[in-house]
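Shown next, in structure tokens, is the structure this report addresses.
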Amino acid sequence: MNDLLELDTAGPVLIVGGYGTVGTALTRLTPKEWPLLLTGRNPDRGSHLASGNVTVRKWDLNHPEPFAAKVRAVISTVNDPDDRVLRAAIIAGIPYVDVTRWTSRVTRAVTRATLLHPTAPVLLSSGWMGGVTNIVAAALAQEAGGADQIDVAIRYDINDQAGVDSVDFMDRLGLDFEVRKRGQAAVVSPLTDARWVDIAGHRTKVARLDTPEQFTLPLTIGAGSVATRIGFSSNTSTTALLAARAVGLFRWGSDERWTPLRRSLLYSPGAGGTAHIRVDVEGPNGMRTAVISDPQGQAHLTALGGLLGLQAVLADGARQGVSFPESAPDPLSRLAEMEAHGVTILRS
């Protein structure tokens, strides 16, 4: 691709996918004084967001037509399967944030970014909910004196507003993945190792899921074991998902013709819901727990993770090269920032 981004420190922040579900939430979260450039394949759909400080343009990542813009930072809120946005930003020396990659694409992005020798910050903030989970785990690990074991339990509200990308993990449920157990590599299967967990007062059945924080937290904060599990606000949906795995749907039905069936199990976006996540960290100083609740839902929480990422890469003295959200020097201050945006974090 011949996209031409140029660094302009007085220019707008480019939000790729800026009028999608997460992009819209991020647009509304950013400080009013920030000029914004929103892109997507159908700019007419974002016209309602345009204002004196917000511009909407077309950039179809699936079309070879080159895109050019002068911007101060780039954040991708949509899938970038060919690393088109990532490459354009790194080549131009523009601070970059990504909140949408699953684990295998994070590892590819790390490799590609390293080979391109970035001269600006590249923040791969694709842990669950835009890296919010990573930040909370890192903060708890500081209090616990380390992280021998990290357990993340997600309560996915099936009535929440959600974009199509939010259930892309459904397409990974037929693939085994590698994690760390007691410091050693181990391969686990999705939707196994189920257990019941109390998440914000809701007894929720959760099972294993491949998420990027299970890859990054052992590397960044030295976590010995990391396990992320997901369950749903509807016990019927959880039971259906586990039953689908038991009959092998995610293996024999992994090709495109089965995509509507796979996604129908979860993708039924509603008027809104509350996002709940529980994070348990066990370290030398004992167990620390945090329950994260966002009454504005998962899109808002993901967008908030993106905003924290933008603040990090635009901060004075931000380190060039690849980093992850848990790499922030003071993760506890990030918790206060989340709470200032209406997120409840109950710690014990």
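Within each chain, counting starts at residue 1; across the structure tokens, chains are named A, B, ... in the order shown, with ligands numbered 1 upward in that order.
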Problem set entry | Filtered DSSP result for segment 87-240 of chain A, state helix (DSSP H, G or I), as a PyMOL selection string | chain A and resi 87-92+103-116+132-144+164-172+213-220+235-240
Exercise. Near Leu335 of chain A, within 9 Å and counting only C-alpha atoms, which residues show up once chain neighbours fewer than 4 positions away are dropped, as a list in words?
Worked result: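 Result of the neighbour search: Val132, Ile135, Val136, Ala139, Pro331, Glu339, Ala340, Val343 and Ile345 of chain A.
Restricting the calculation to only C-alpha atoms, the smallest distance between Gly273 of chain A and any of A:Lys32, A:Arg195, A:Arg347, A:His300 is found for A:His300.
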Exercise. Which residue out of A:Ala299, A:Ile277, A:Val291, A:Val122 has the minimum interatomic distance to Gly20 of chain A when only C-alpha atoms are used?
Worked result: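 Checking each of A:Ala299, A:Ile277, A:Val291, A:Val122 against Gly20 of chain A, counting only C-alpha atoms, the winner is A:Ala299.
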If we count only C-alpha atoms and set the cut-off at 12 Å, which residues sit around Pro218 of chain A, ignoring sequence neighbours fewer than 2 positions away in its own chain? Please answer as a CSV table (one decimal) with all heavy atoms, in the first residue's frame.
chain,number,residue,atom,x,y,z
A,134,ASN,N,-5.2,-5.3,31.5
A,134,ASN,CA,-3.8,-5.3,31.8
A,134,ASN,C,-3.4,-4.3,32.8
A,134,ASN,O,-2.5,-4.6,33.7
A,134,ASN,CB,-3.0,-5.0,30.5
A,134,ASN,CG,-3.5,-5.8,29.3
A,134,ASN,OD1,-4.6,-5.9,29.0
A,134,ASN,ND2,-2.5,-6.3,28.5
A,137,ALA,N,-4.5,-5.4,36.3
A,137,ALA,CA,-3.6,-6.5,36.8
A,137,ALA,C,-2.3,-6.0,37.2
A,137,ALA,O,-1.7,-6.5,38.3
A,137,ALA,CB,-3.5,-7.6,35.7
A,138,ALA,N,-1.7,-5.1,36.5
A,138,ALA,CA,-0.4,-4.5,36.8
A,138,ALA,C,-0.4,-3.8,38.2
A,138,ALA,O,0.5,-3.9,39.0
A,138,ALA,CB,0.1,-3.6,35.7
A,141,ALA,N,-0.7,-6.3,40.9
A,141,ALA,CA,0.6,-7.0,41.1
A,141,ALA,C,1.6,-6.1,41.9
A,141,ALA,O,2.4,-6.6,42.7
A,141,ALA,CB,1.2,-7.3,39.7
A,146,GLY,N,4.2,-8.8,43.3
A,146,GLY,CA,4.5,-9.6,42.2
A,146,GLY,C,3.2,-10.3,41.7
A,146,GLY,O,2.1,-10.1,42.3
A,147,ALA,N,3.4,-11.2,40.8
A,147,ALA,CA,2.2,-11.9,40.2
A,147,ALA,C,2.5,-13.3,39.9
A,147,ALA,O,3.0,-13.7,38.8
A,147,ALA,CB,1.7,-11.2,38.9
A,148,ASP,N,2.4,-14.2,41.0
A,148,ASP,CA,2.6,-15.6,40.7
A,148,ASP,C,1.4,-16.2,39.9
A,148,ASP,O,1.6,-17.1,39.1
A,148,ASP,CB,2.6,-16.4,42.1
A,148,ASP,CG,3.8,-15.9,43.0
A,148,ASP,OD1,4.8,-15.6,42.4
A,148,ASP,OD2,3.6,-15.8,44.2
A,149,GLN,N,0.2,-15.7,40.1
A,149,GLN,CA,-1.0,-16.1,39.4
A,149,GLN,C,-1.9,-15.0,39.2
A,149,GLN,O,-2.2,-14.2,40.1
A,149,GLN,CB,-1.7,-17.2,40.2
A,149,GLN,CG,-3.1,-17.6,39.7
A,149,GLN,CD,-2.9,-18.6,38.5
A,149,GLN,OE1,-2.1,-19.5,38.5
A,149,GLN,NE2,-3.7,-18.3,37.4
A,150,ILE,N,-2.4,-14.8,37.9
A,150,ILE,CA,-3.4,-13.8,37.6
A,150,ILE,C,-4.6,-14.6,37.0
A,150,ILE,O,-4.4,-15.3,36.0
A,150,ILE,CB,-2.8,-12.8,36.6
A,150,ILE,CG1,-1.7,-12.0,37.2
A,150,ILE,CG2,-4.0,-11.8,36.1
A,150,ILE,CD1,-1.0,-11.0,36.2
A,178,GLU,N,-1.4,-21.0,23.5
A,178,GLU,CA,-0.4,-21.2,24.5
A,178,GLU,C,-0.5,-20.2,25.6
A,178,GLU,O,-0.8,-19.0,25.3
A,178,GLU,CB,1.0,-21.1,23.8
A,178,GLU,CG,2.2,-21.4,24.8
A,178,GLU,CD,3.5,-21.3,24.1
A,178,GLU,OE1,3.8,-22.2,23.3
A,178,GLU,OE2,4.3,-20.4,24.4
A,179,VAL,N,-0.3,-20.6,26.8
A,179,VAL,CA,-0.3,-19.7,28.0
A,179,VAL,C,0.9,-20.1,28.9
A,179,VAL,O,1.7,-21.0,28.5
A,179,VAL,CB,-1.6,-19.9,28.8
A,179,VAL,CG1,-2.8,-19.5,28.0
A,179,VAL,CG2,-1.8,-21.3,29.3
A,180,ARG,N,1.0,-19.4,30.0
A,180,ARG,CA,2.1,-19.7,30.9
A,180,ARG,C,1.4,-20.3,32.2
A,180,ARG,O,0.4,-19.7,32.7
A,180,ARG,CB,2.9,-18.5,31.3
A,180,ARG,CG,3.5,-17.8,30.2
A,180,ARG,CD,4.5,-18.6,29.4
A,180,ARG,NE,5.7,-18.9,30.1
A,180,ARG,CZ,6.7,-19.5,29.5
A,180,ARG,NH1,6.7,-19.9,28.3
A,180,ARG,NH2,7.8,-19.8,30.2
A,181,LYS,N,1.9,-21.4,32.6
A,181,LYS,CA,1.4,-22.1,33.9
A,181,LYS,C,2.6,-22.3,34.8
A,181,LYS,O,3.5,-23.1,34.4
A,181,LYS,CB,0.7,-23.4,33.6
A,181,LYS,CG,-0.7,-23.2,33.0
A,181,LYS,CD,-1.4,-24.6,32.9
A,181,LYS,CE,-2.8,-24.4,32.3
A,181,LYS,NZ,-3.5,-25.8,32.2
A,182,ARG,N,2.7,-21.6,35.9
A,182,ARG,CA,3.8,-21.7,36.8
A,182,ARG,C,5.1,-21.5,36.1
A,182,ARG,O,6.1,-22.2,36.3
A,182,ARG,CB,3.8,-23.1,37.5
A,182,ARG,CG,2.5,-23.3,38.5
A,182,ARG,CD,2.5,-24.6,39.1
A,182,ARG,NE,2.3,-25.7,38.2
A,182,ARG,CZ,1.1,-26.0,37.7
A,182,ARG,NH1,0.0,-25.4,38.1
A,182,ARG,NH2,0.9,-27.0,36.8
A,183,GLY,N,5.1,-20.6,35.2
A,183,GLY,CA,6.3,-20.2,34.5
A,183,GLY,C,6.7,-21.0,33.3
A,183,GLY,O,7.7,-20.7,32.7
A,184,GLN,N,5.9,-22.0,33.0
A,184,GLN,CA,6.2,-22.9,31.9
A,184,GLN,C,5.1,-22.7,30.8
A,184,GLN,O,4.0,-22.5,31.1
A,184,GLN,CB,6.2,-24.4,32.4
A,184,GLN,CG,7.3,-24.6,33.5
A,184,GLN,CD,8.7,-24.4,33.0
A,184,GLN,OE1,9.1,-24.8,31.9
A,184,GLN,NE2,9.5,-23.7,33.8
A,185,ALA,N,5.5,-22.9,29.6
A,185,ALA,CA,4.6,-22.9,28.5
A,185,ALA,C,3.6,-24.1,28.5
A,185,ALA,O,4.0,-25.2,28.8
A,185,ALA,CB,5.3,-22.9,27.1
A,212,PRO,N,-5.0,-11.4,24.5
A,212,PRO,CA,-3.5,-11.0,24.5
A,212,PRO,C,-2.9,-10.8,25.8
A,212,PRO,O,-1.6,-11.0,25.9
A,212,PRO,CB,-3.6,-9.6,23.7
A,212,PRO,CG,-4.8,-9.8,22.8
A,212,PRO,CD,-5.8,-10.5,23.7
A,213,GLU,N,-3.6,-10.4,26.9
A,213,GLU,CA,-2.9,-10.2,28.1
A,213,GLU,C,-2.3,-11.5,28.7
A,213,GLU,O,-1.3,-11.5,29.5
A,213,GLU,CB,-3.9,-9.6,29.2
A,213,GLU,CG,-5.0,-10.5,29.7
A,213,GLU,CD,-6.2,-10.4,28.8
A,213,GLU,OE1,-6.2,-9.7,27.7
A,213,GLU,OE2,-7.3,-11.1,29.1
A,214,GLN,N,-2.8,-12.7,28.2
A,214,GLN,CA,-2.2,-13.9,28.7
A,214,GLN,C,-0.8,-14.1,28.0
A,214,GLN,O,0.0,-14.8,28.6
A,214,GLN,CB,-3.1,-15.1,28.3
A,214,GLN,CG,-4.4,-15.1,29.1
A,214,GLN,CD,-5.4,-16.1,28.6
A,214,GLN,OE1,-5.4,-17.2,29.2
A,214,GLN,NE2,-6.2,-15.8,27.6
A,215,PHE,N,-0.6,-13.5,26.9
A,215,PHE,CA,0.7,-13.5,26.2
A,215,PHE,C,1.6,-12.4,26.8
A,215,PHE,O,2.8,-12.7,27.0
A,215,PHE,CB,0.5,-13.3,24.7
A,215,PHE,CG,1.7,-12.9,24.0
A,215,PHE,CD1,2.8,-13.7,23.8
A,215,PHE,CD2,1.7,-11.6,23.3
A,215,PHE,CE1,3.9,-13.4,23.1
A,215,PHE,CE2,2.9,-11.2,22.6
A,215,PHE,CZ,3.9,-12.1,22.5
A,216,THR,N,1.1,-11.2,27.1
A,216,THR,CA,2.0,-10.1,27.4
A,216,THR,C,2.3,-10.0,28.9
A,216,THR,O,3.5,-9.7,29.2
A,216,THR,CB,1.4,-8.7,27.0
A,216,THR,OG1,0.2,-8.5,27.7
A,216,THR,CG2,1.1,-8.7,25.5
A,220,THR,N,5.9,-8.8,30.6
A,220,THR,CA,6.1,-7.5,31.0
A,220,THR,C,6.2,-7.4,32.5
A,220,THR,O,7.0,-6.6,33.0
A,220,THR,CB,4.9,-6.6,30.6
A,220,THR,OG1,3.7,-7.3,31.0
A,220,THR,CG2,4.9,-6.4,29.1
A,221,ILE,N,5.4,-8.1,33.3
A,221,ILE,CA,5.5,-8.0,34.8
A,221,ILE,C,5.9,-9.3,35.4
A,221,ILE,O,5.9,-9.4,36.6
A,221,ILE,CB,4.2,-7.5,35.4
A,221,ILE,CG1,3.0,-8.5,35.2
A,221,ILE,CG2,3.8,-6.2,34.8
A,221,ILE,CD1,1.7,-8.2,35.9
A,222,GLY,N,6.3,-10.3,34.6
A,222,GLY,CA,6.8,-11.5,35.1
A,222,GLY,C,5.8,-12.4,35.7
A,222,GLY,O,6.1,-13.2,36.6
A,223,ALA,N,4.5,-12.4,35.3
A,223,ALA,CA,3.5,-13.2,35.9
A,223,ALA,C,3.8,-14.7,35.6
A,223,ALA,O,4.1,-15.1,34.5
A,223,ALA,CB,2.2,-12.9,35.2
A,224,GLY,N,3.7,-15.5,36.6
A,224,GLY,CA,4.0,-17.0,36.5
A,224,GLY,C,2.9,-17.7,35.7
A,224,GLY,O,3.2,-18.6,34.9
A,225,SER,N,1.7,-17.4,36.0
A,225,SER,CA,0.5,-18.0,35.4
A,225,SER,C,-0.5,-16.9,35.1
A,225,SER,O,-0.8,-16.1,36.0
A,225,SER,CB,-0.1,-19.1,36.3
A,225,SER,OG,0.8,-20.1,36.6
A,226,VAL,N,-1.2,-17.0,33.9
A,226,VAL,CA,-2.2,-16.1,33.6
A,226,VAL,C,-3.4,-16.8,32.9
A,226,VAL,O,-3.1,-17.6,32.0
A,226,VAL,CB,-1.8,-14.9,32.7
A,226,VAL,CG1,-2.9,-13.9,32.4
A,226,VAL,CG2,-0.5,-14.2,33.2
A,227,ALA,N,-4.6,-16.7,33.4
A,227,ALA,CA,-5.7,-17.3,32.8
A,227,ALA,C,-6.9,-16.3,32.7
A,227,ALA,O,-7.3,-15.7,33.7
A,227,ALA,CB,-6.2,-18.5,33.7
A,324,PHE,N,3.2,-2.2,26.0
A,324,PHE,CA,1.9,-2.7,26.2
A,324,PHE,C,1.3,-1.9,27.4
A,324,PHE,O,2.0,-1.2,28.1
A,324,PHE,CB,2.0,-4.2,26.6
A,324,PHE,CG,2.6,-5.0,25.5
A,324,PHE,CD1,4.0,-5.4,25.7
A,324,PHE,CD2,1.9,-5.4,24.4
A,324,PHE,CE1,4.6,-6.1,24.7
A,324,PHE,CE2,2.5,-6.2,23.4
A,324,PHE,CZ,3.9,-6.5,23.5
A,326,GLU,N,0.2,-2.4,30.3
A,326,GLU,CA,0.7,-2.7,31.7
A,326,GLU,C,2.1,-2.1,31.9
A,326,GLU,O,2.6,-2.1,33.0
A,326,GLU,CB,0.6,-4.2,32.0
A,326,GLU,CG,1.6,-5.0,31.2
A,326,GLU,CD,0.9,-5.6,29.9
A,326,GLU,OE1,-0.1,-5.0,29.4
A,326,GLU,OE2,1.4,-6.6,29.4
A,327,SER,N,2.7,-1.6,30.8
A,327,SER,CA,4.1,-1.1,30.9
A,327,SER,C,4.1,0.3,31.5
A,327,SER,O,5.1,0.9,31.8
A,327,SER,CB,4.8,-1.0,29.6
A,327,SER,OG,4.8,-2.3,29.0
Problem set entry | Selection: 12 Å around Gly342 of chain A, only C-alpha atoms, excl. self and same-chain fewer than 6 positions, as a PyMOL selection string | chain A and resi 29+274-275+292-297+300-301+304+335-336
Based on the selection just made, write N, CA, C and O atoms of those residues as a JSON list (two decimals), in the first residue's frame.
[["chain", "number", "residue", "atom", "x", "y", "z"],
["A", 29, "LEU", "N", -15.25, 10.59, 24.13],
["A", 29, "LEU", "CA", -14.43, 10.64, 25.35],
["A", 29, "LEU", "C", -13.26, 11.61, 25.24],
["A", 29, "LEU", "O", -12.79, 12.12, 26.26],
["A", 274, "THR", "N", -24.09, -3.47, 31.27],
["A", 274, "THR", "CA", -22.95, -3.14, 32.14],
["A", 274, "THR", "C", -21.82, -4.13, 31.91],
["A", 274, "THR", "O", -22.05, -5.34, 31.87],
["A", 275, "ALA", "N", -20.62, -3.61, 31.74],
["A", 275, "ALA", "CA", -19.44, -4.47, 31.60],
["A", 275, "ALA", "C", -18.87, -4.77, 32.97],
["A", 275, "ALA", "O", -18.66, -3.86, 33.78],
["A", 292, "ILE", "N", -14.12, -4.64, 38.20],
["A", 292, "ILE", "CA", -14.31, -3.48, 37.35],
["A", 292, "ILE", "C", -15.73, -3.51, 36.80],
["A", 292, "ILE", "O", -16.16, -4.52, 36.24],
["A", 293, "SER", "N", -16.44, -2.40, 36.96],
["A", 293, "SER", "CA", -17.81, -2.32, 36.44],
["A", 293, "SER", "C", -17.98, -1.00, 35.70],
["A", 293, "SER", "O", -17.67, 0.06, 36.25],
["A", 294, "ASP", "N", -18.46, -1.08, 34.47],
["A", 294, "ASP", "CA", -18.73, 0.11, 33.69],
["A", 294, "ASP", "C", -20.19, 0.10, 33.28],
["A", 294, "ASP", "O", -20.58, -0.68, 32.40],
["A", 295, "PRO", "N", -21.03, 0.95, 33.89],
["A", 295, "PRO", "CA", -22.45, 0.95, 33.55],
["A", 295, "PRO", "C", -22.73, 1.41, 32.13],
["A", 295, "PRO", "O", -23.83, 1.19, 31.62],
["A", 296, "GLN", "N", -21.73, 2.02, 31.48],
["A", 296, "GLN", "CA", -21.91, 2.45, 30.10],
["A", 296, "GLN", "C", -21.52, 1.36, 29.10],
["A", 296, "GLN", "O", -21.61, 1.57, 27.89],
["A", 297, "GLY", "N", -21.08, 0.21, 29.60],
["A", 297, "GLY", "CA", -20.89, -0.94, 28.74],
["A", 297, "GLY", "C", -19.49, -1.14, 28.19],
["A", 297, "GLY", "O", -18.57, -0.35, 28.43],
["A", 300, "HIS", "N", -17.75, 1.54, 25.80],
["A", 300, "HIS", "CA", -17.22, 2.68, 26.56],
["A", 300, "HIS", "C", -15.94, 2.29, 27.28],
["A", 300, "HIS", "O", -14.96, 3.05, 27.28],
["A", 301, "LEU", "N", -15.91, 1.10, 27.87],
["A", 301, "LEU", "CA", -14.72, 0.66, 28.61],
["A", 301, "LEU", "C", -13.55, 0.44, 27.66],
["A", 301, "LEU", "O", -12.41, 0.81, 27.97],
["A", 304, "LEU", "N", -12.31, 3.81, 26.63],
["A", 304, "LEU", "CA", -11.54, 4.41, 27.72],
["A", 304, "LEU", "C", -10.12, 3.85, 27.74],
["A", 304, "LEU", "O", -9.15, 4.59, 27.95],
["A", 335, "LEU", "N", -5.92, 3.79, 37.29],
["A", 335, "LEU", "CA", -7.19, 3.38, 37.89],
["A", 335, "LEU", "C", -8.01, 4.61, 38.27],
["A", 335, "LEU", "O", -9.23, 4.65, 38.07],
["A", 336, "ALA", "N", -7.35, 5.62, 38.82],
["A", 336, "ALA", "CA", -8.05, 6.85, 39.18],
["A", 336, "ALA", "C", -8.64, 7.52, 37.96],
["A", 336, "ALA", "O", -9.75, 8.08, 38.01]]
Exercise. Can you list every residue in segment 18-119 of chain A that DSSP puts in strand (DSSP E or B), as a list in words?
Worked result: Leu36, Leu37, Leu38, Thr39, Gly40, Ser51, Val54, Thr55, Val56, Arg57, Lys58, Ala68, Ala69, Lys70, Val71, Ala73, Val74, Ile75, Ser76, Tyr96, Val97 and Asp98 of chain A
Output all heavy atoms of each residue in that selection to a file, as a compact mmCIF listing (two decimals), in the first residue's frame.
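As written to disk, part01.txt reads:
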# COMPACT_ATOMS: atom_id res chain seq x y z
N LEU A 36 -9.92 16.01 15.73
CA LEU A 36 -10.01 14.58 15.41
C LEU A 36 -10.26 14.40 13.92
O LEU A 36 -10.97 15.18 13.29
CB LEU A 36 -11.15 13.91 16.18
CG LEU A 36 -11.10 13.95 17.70
CD1 LEU A 36 -12.36 13.30 18.27
CD2 LEU A 36 -9.85 13.26 18.24
N LEU A 37 -9.68 13.32 13.38
CA LEU A 37 -9.95 12.88 12.02
C LEU A 37 -10.47 11.45 12.11
O LEU A 37 -9.75 10.56 12.55
CB LEU A 37 -8.69 12.94 11.16
CG LEU A 37 -8.78 12.31 9.76
CD1 LEU A 37 -9.89 12.95 8.94
CD2 LEU A 37 -7.43 12.40 9.04
N LEU A 38 -11.72 11.25 11.73
CA LEU A 38 -12.35 9.93 11.80
C LEU A 38 -12.39 9.33 10.40
O LEU A 38 -12.76 9.99 9.44
CB LEU A 38 -13.78 10.04 12.33
CG LEU A 38 -14.01 10.92 13.56
CD1 LEU A 38 -15.49 10.85 13.97
CD2 LEU A 38 -13.10 10.52 14.71
N THR A 39 -12.01 8.06 10.29
CA THR A 39 -12.05 7.40 8.98
C THR A 39 -12.78 6.07 9.06
O THR A 39 -12.89 5.46 10.12
CB THR A 39 -10.63 7.16 8.43
OG1 THR A 39 -9.94 6.22 9.26
CG2 THR A 39 -9.84 8.45 8.33
N GLY A 40 -13.23 5.63 7.90
CA GLY A 40 -13.90 4.34 7.74
C GLY A 40 -14.26 4.17 6.28
O GLY A 40 -14.00 5.05 5.45
N SER A 51 -17.93 18.06 13.16
CA SER A 51 -18.13 19.36 13.80
C SER A 51 -16.94 20.23 13.44
O SER A 51 -16.09 19.85 12.62
CB SER A 51 -18.25 19.20 15.32
OG SER A 51 -17.00 18.77 15.87
N VAL A 54 -14.02 18.10 14.39
CA VAL A 54 -14.04 16.69 13.99
C VAL A 54 -14.30 16.60 12.48
O VAL A 54 -15.33 17.09 12.00
CB VAL A 54 -15.12 15.90 14.75
CG1 VAL A 54 -15.12 14.44 14.29
CG2 VAL A 54 -14.91 15.99 16.26
N THR A 55 -13.38 15.95 11.76
CA THR A 55 -13.51 15.75 10.32
C THR A 55 -13.68 14.27 10.04
O THR A 55 -13.08 13.42 10.71
CB THR A 55 -12.25 16.26 9.60
OG1 THR A 55 -12.05 17.63 9.92
CG2 THR A 55 -12.38 16.12 8.09
N VAL A 56 -14.50 13.94 9.06
CA VAL A 56 -14.75 12.55 8.68
C VAL A 56 -14.30 12.35 7.23
O VAL A 56 -14.70 13.10 6.34
CB VAL A 56 -16.24 12.19 8.83
CG1 VAL A 56 -16.47 10.72 8.47
CG2 VAL A 56 -16.72 12.46 10.25
N ARG A 57 -13.48 11.32 7.01
CA ARG A 57 -13.01 11.00 5.68
C ARG A 57 -13.08 9.51 5.43
O ARG A 57 -13.17 8.71 6.37
CB ARG A 57 -11.56 11.49 5.49
CG ARG A 57 -11.40 13.00 5.40
CD ARG A 57 -9.94 13.38 5.24
NE ARG A 57 -9.32 12.67 4.11
CZ ARG A 57 -7.99 12.61 3.93
NH1 ARG A 57 -7.17 13.20 4.78
NH2 ARG A 57 -7.51 11.95 2.89
N LYS A 58 -12.96 9.13 4.15
CA LYS A 58 -12.97 7.72 3.76
C LYS A 58 -11.56 7.14 3.79
O LYS A 58 -10.62 7.72 3.24
CB LYS A 58 -13.56 7.54 2.36
CG LYS A 58 -13.61 6.09 1.90
CD LYS A 58 -14.27 5.96 0.53
CE LYS A 58 -14.34 4.50 0.09
NZ LYS A 58 -15.01 4.36 -1.22
N ALA A 68 -3.95 9.63 2.54
CA ALA A 68 -2.93 10.58 2.99
C ALA A 68 -3.53 11.53 4.01
O ALA A 68 -4.68 11.96 3.88
CB ALA A 68 -2.38 11.38 1.81
N ALA A 69 -2.74 11.83 5.05
CA ALA A 69 -3.19 12.78 6.07
C ALA A 69 -2.01 13.19 6.92
O ALA A 69 -1.02 12.44 7.05
CB ALA A 69 -4.28 12.16 6.94
N LYS A 70 -2.11 14.38 7.51
CA LYS A 70 -1.13 14.85 8.48
C LYS A 70 -1.79 14.81 9.86
O LYS A 70 -2.79 15.48 10.09
CB LYS A 70 -0.69 16.27 8.14
CG LYS A 70 0.07 16.39 6.82
CD LYS A 70 0.49 17.84 6.56
CE LYS A 70 1.27 17.94 5.25
NZ LYS A 70 1.70 19.35 4.99
N VAL A 71 -1.21 14.01 10.77
CA VAL A 71 -1.84 13.79 12.08
C VAL A 71 -0.78 13.75 13.18
O VAL A 71 0.40 13.54 12.91
CB VAL A 71 -2.64 12.48 12.09
CG1 VAL A 71 -3.78 12.51 11.06
CG2 VAL A 71 -1.74 11.27 11.80
N ALA A 73 -1.27 11.68 16.04
CA ALA A 73 -1.30 10.32 16.60
C ALA A 73 -2.34 9.52 15.84
O ALA A 73 -3.24 10.08 15.21
CB ALA A 73 -1.62 10.34 18.09
N VAL A 74 -2.21 8.19 15.91
CA VAL A 74 -3.14 7.29 15.24
C VAL A 74 -3.60 6.24 16.24
O VAL A 74 -2.78 5.67 16.99
CB VAL A 74 -2.46 6.57 14.05
CG1 VAL A 74 -3.43 5.57 13.42
CG2 VAL A 74 -1.97 7.56 13.02
N ILE A 75 -4.90 5.98 16.27
CA ILE A 75 -5.42 4.85 17.05
C ILE A 75 -6.35 4.05 16.16
O ILE A 75 -7.22 4.61 15.47
CB ILE A 75 -6.14 5.30 18.34
CG1 ILE A 75 -6.68 4.07 19.10
CG2 ILE A 75 -7.24 6.31 18.06
CD1 ILE A 75 -7.13 4.37 20.51
N SER A 76 -6.16 2.74 16.13
CA SER A 76 -6.98 1.85 15.32
C SER A 76 -8.01 1.17 16.20
O SER A 76 -7.66 0.50 17.17
CB SER A 76 -6.11 0.80 14.63
OG SER A 76 -6.91 -0.06 13.84
N TYR A 96 1.33 5.60 17.88
CA TYR A 96 0.30 4.67 17.41
C TYR A 96 -0.24 3.85 18.58
O TYR A 96 0.51 3.40 19.45
CB TYR A 96 0.91 3.75 16.36
CG TYR A 96 0.06 2.58 15.93
CD1 TYR A 96 -0.88 2.71 14.92
CD2 TYR A 96 0.18 1.34 16.55
CE1 TYR A 96 -1.67 1.64 14.52
CE2 TYR A 96 -0.59 0.25 16.16
CZ TYR A 96 -1.53 0.41 15.14
OH TYR A 96 -2.30 -0.66 14.76
N VAL A 97 -1.56 3.64 18.56
CA VAL A 97 -2.24 2.79 19.55
C VAL A 97 -3.17 1.85 18.80
O VAL A 97 -3.80 2.24 17.81
CB VAL A 97 -3.07 3.63 20.55
CG1 VAL A 97 -3.75 2.72 21.58
CG2 VAL A 97 -2.20 4.66 21.25
N ASP A 98 -3.27 0.61 19.28
CA ASP A 98 -4.18 -0.37 18.68
C ASP A 98 -4.95 -1.06 19.79
O ASP A 98 -4.36 -1.50 20.78
CB ASP A 98 -3.38 -1.40 17.88
CG ASP A 98 -4.26 -2.24 16.95
OD1 ASP A 98 -5.24 -2.82 17.45
OD2 ASP A 98 -3.98 -2.30 15.75
Any idea what's packed within 9 Å of Leu123 of chain A, counting only C-alpha atoms, ignoring anything in its chain fewer than 6 positions away? Could you give it as a compact mmCIF listing (two decimals) with N, CA and C atoms, in the first residue's frame?
# COMPACT_ATOMS: atom_id res chain seq x y z
N PRO A 95 3.05 8.50 16.73
CA PRO A 95 2.60 7.67 17.86
C PRO A 95 1.35 6.88 17.48
N TYR A 96 1.33 5.60 17.88
CA TYR A 96 0.30 4.67 17.41
C TYR A 96 -0.24 3.85 18.58
N VAL A 97 -1.56 3.64 18.56
CA VAL A 97 -2.24 2.79 19.55
C VAL A 97 -3.17 1.85 18.80
N ASP A 98 -3.27 0.61 19.28
CA ASP A 98 -4.18 -0.37 18.68
C ASP A 98 -4.95 -1.06 19.79
N VAL A 99 -6.28 -1.17 19.66
CA VAL A 99 -7.09 -1.79 20.70
C VAL A 99 -7.89 -2.99 20.19
N GLY A 309 -4.48 4.95 26.33
CA GLY A 309 -3.36 4.67 25.44
C GLY A 309 -2.90 5.91 24.70
N LEU A 310 -3.83 6.70 24.20
CA LEU A 310 -3.46 7.94 23.51
C LEU A 310 -2.74 8.89 24.46
N ALA A 312 -0.96 8.09 26.93
CA ALA A 312 0.38 7.54 27.19
C ALA A 312 1.35 7.85 26.06
N VAL A 313 0.92 7.63 24.80
CA VAL A 313 1.86 7.83 23.69
C VAL A 313 2.09 9.30 23.37
N GLY A 321 9.15 2.93 20.43
CA GLY A 321 9.16 1.48 20.29
C GLY A 321 7.91 0.84 20.87
N VAL A 322 7.89 -0.49 20.83
CA VAL A 322 6.70 -1.26 21.21
C VAL A 322 6.55 -1.33 22.72
N SER A 323 5.33 -1.14 23.19
CA SER A 323 5.02 -1.35 24.60
C SER A 323 3.59 -1.85 24.72
N PHE A 324 3.21 -2.19 25.95
CA PHE A 324 1.88 -2.71 26.24
C PHE A 324 1.27 -1.89 27.36
N PRO A 325 -0.05 -1.92 27.54
CA PRO A 325 -0.68 -1.02 28.52
C PRO A 325 -0.16 -1.19 29.94
Problem set entry | Thr27 of chain A surroundings by only C-alpha atoms, 8 Å radius, close-in-sequence under 5 positions cut, as an NGL selection string | :A and (15 or 18-19 or 36)
Could you please take those selected residues and save N, CA and C atoms as a tab-separated table (two decimals), in the first residue's frame?
chain	number	residue	atom	x	y	z
A	15	ILE	N	-8.53	8.62	14.25
A	15	ILE	CA	-9.21	7.44	14.80
A	15	ILE	C	-9.70	6.60	13.62
A	18	GLY	N	-13.44	5.49	13.28
A	18	GLY	CA	-13.85	6.49	14.26
A	18	GLY	C	-15.34	6.67	14.45
A	19	TYR	N	-16.16	6.10	13.56
A	19	TYR	CA	-17.60	6.22	13.76
A	19	TYR	C	-18.26	4.85	13.94
A	36	LEU	N	-9.92	16.01	15.73
A	36	LEU	CA	-10.01	14.58	15.41
A	36	LEU	C	-10.26	14.40	13.92
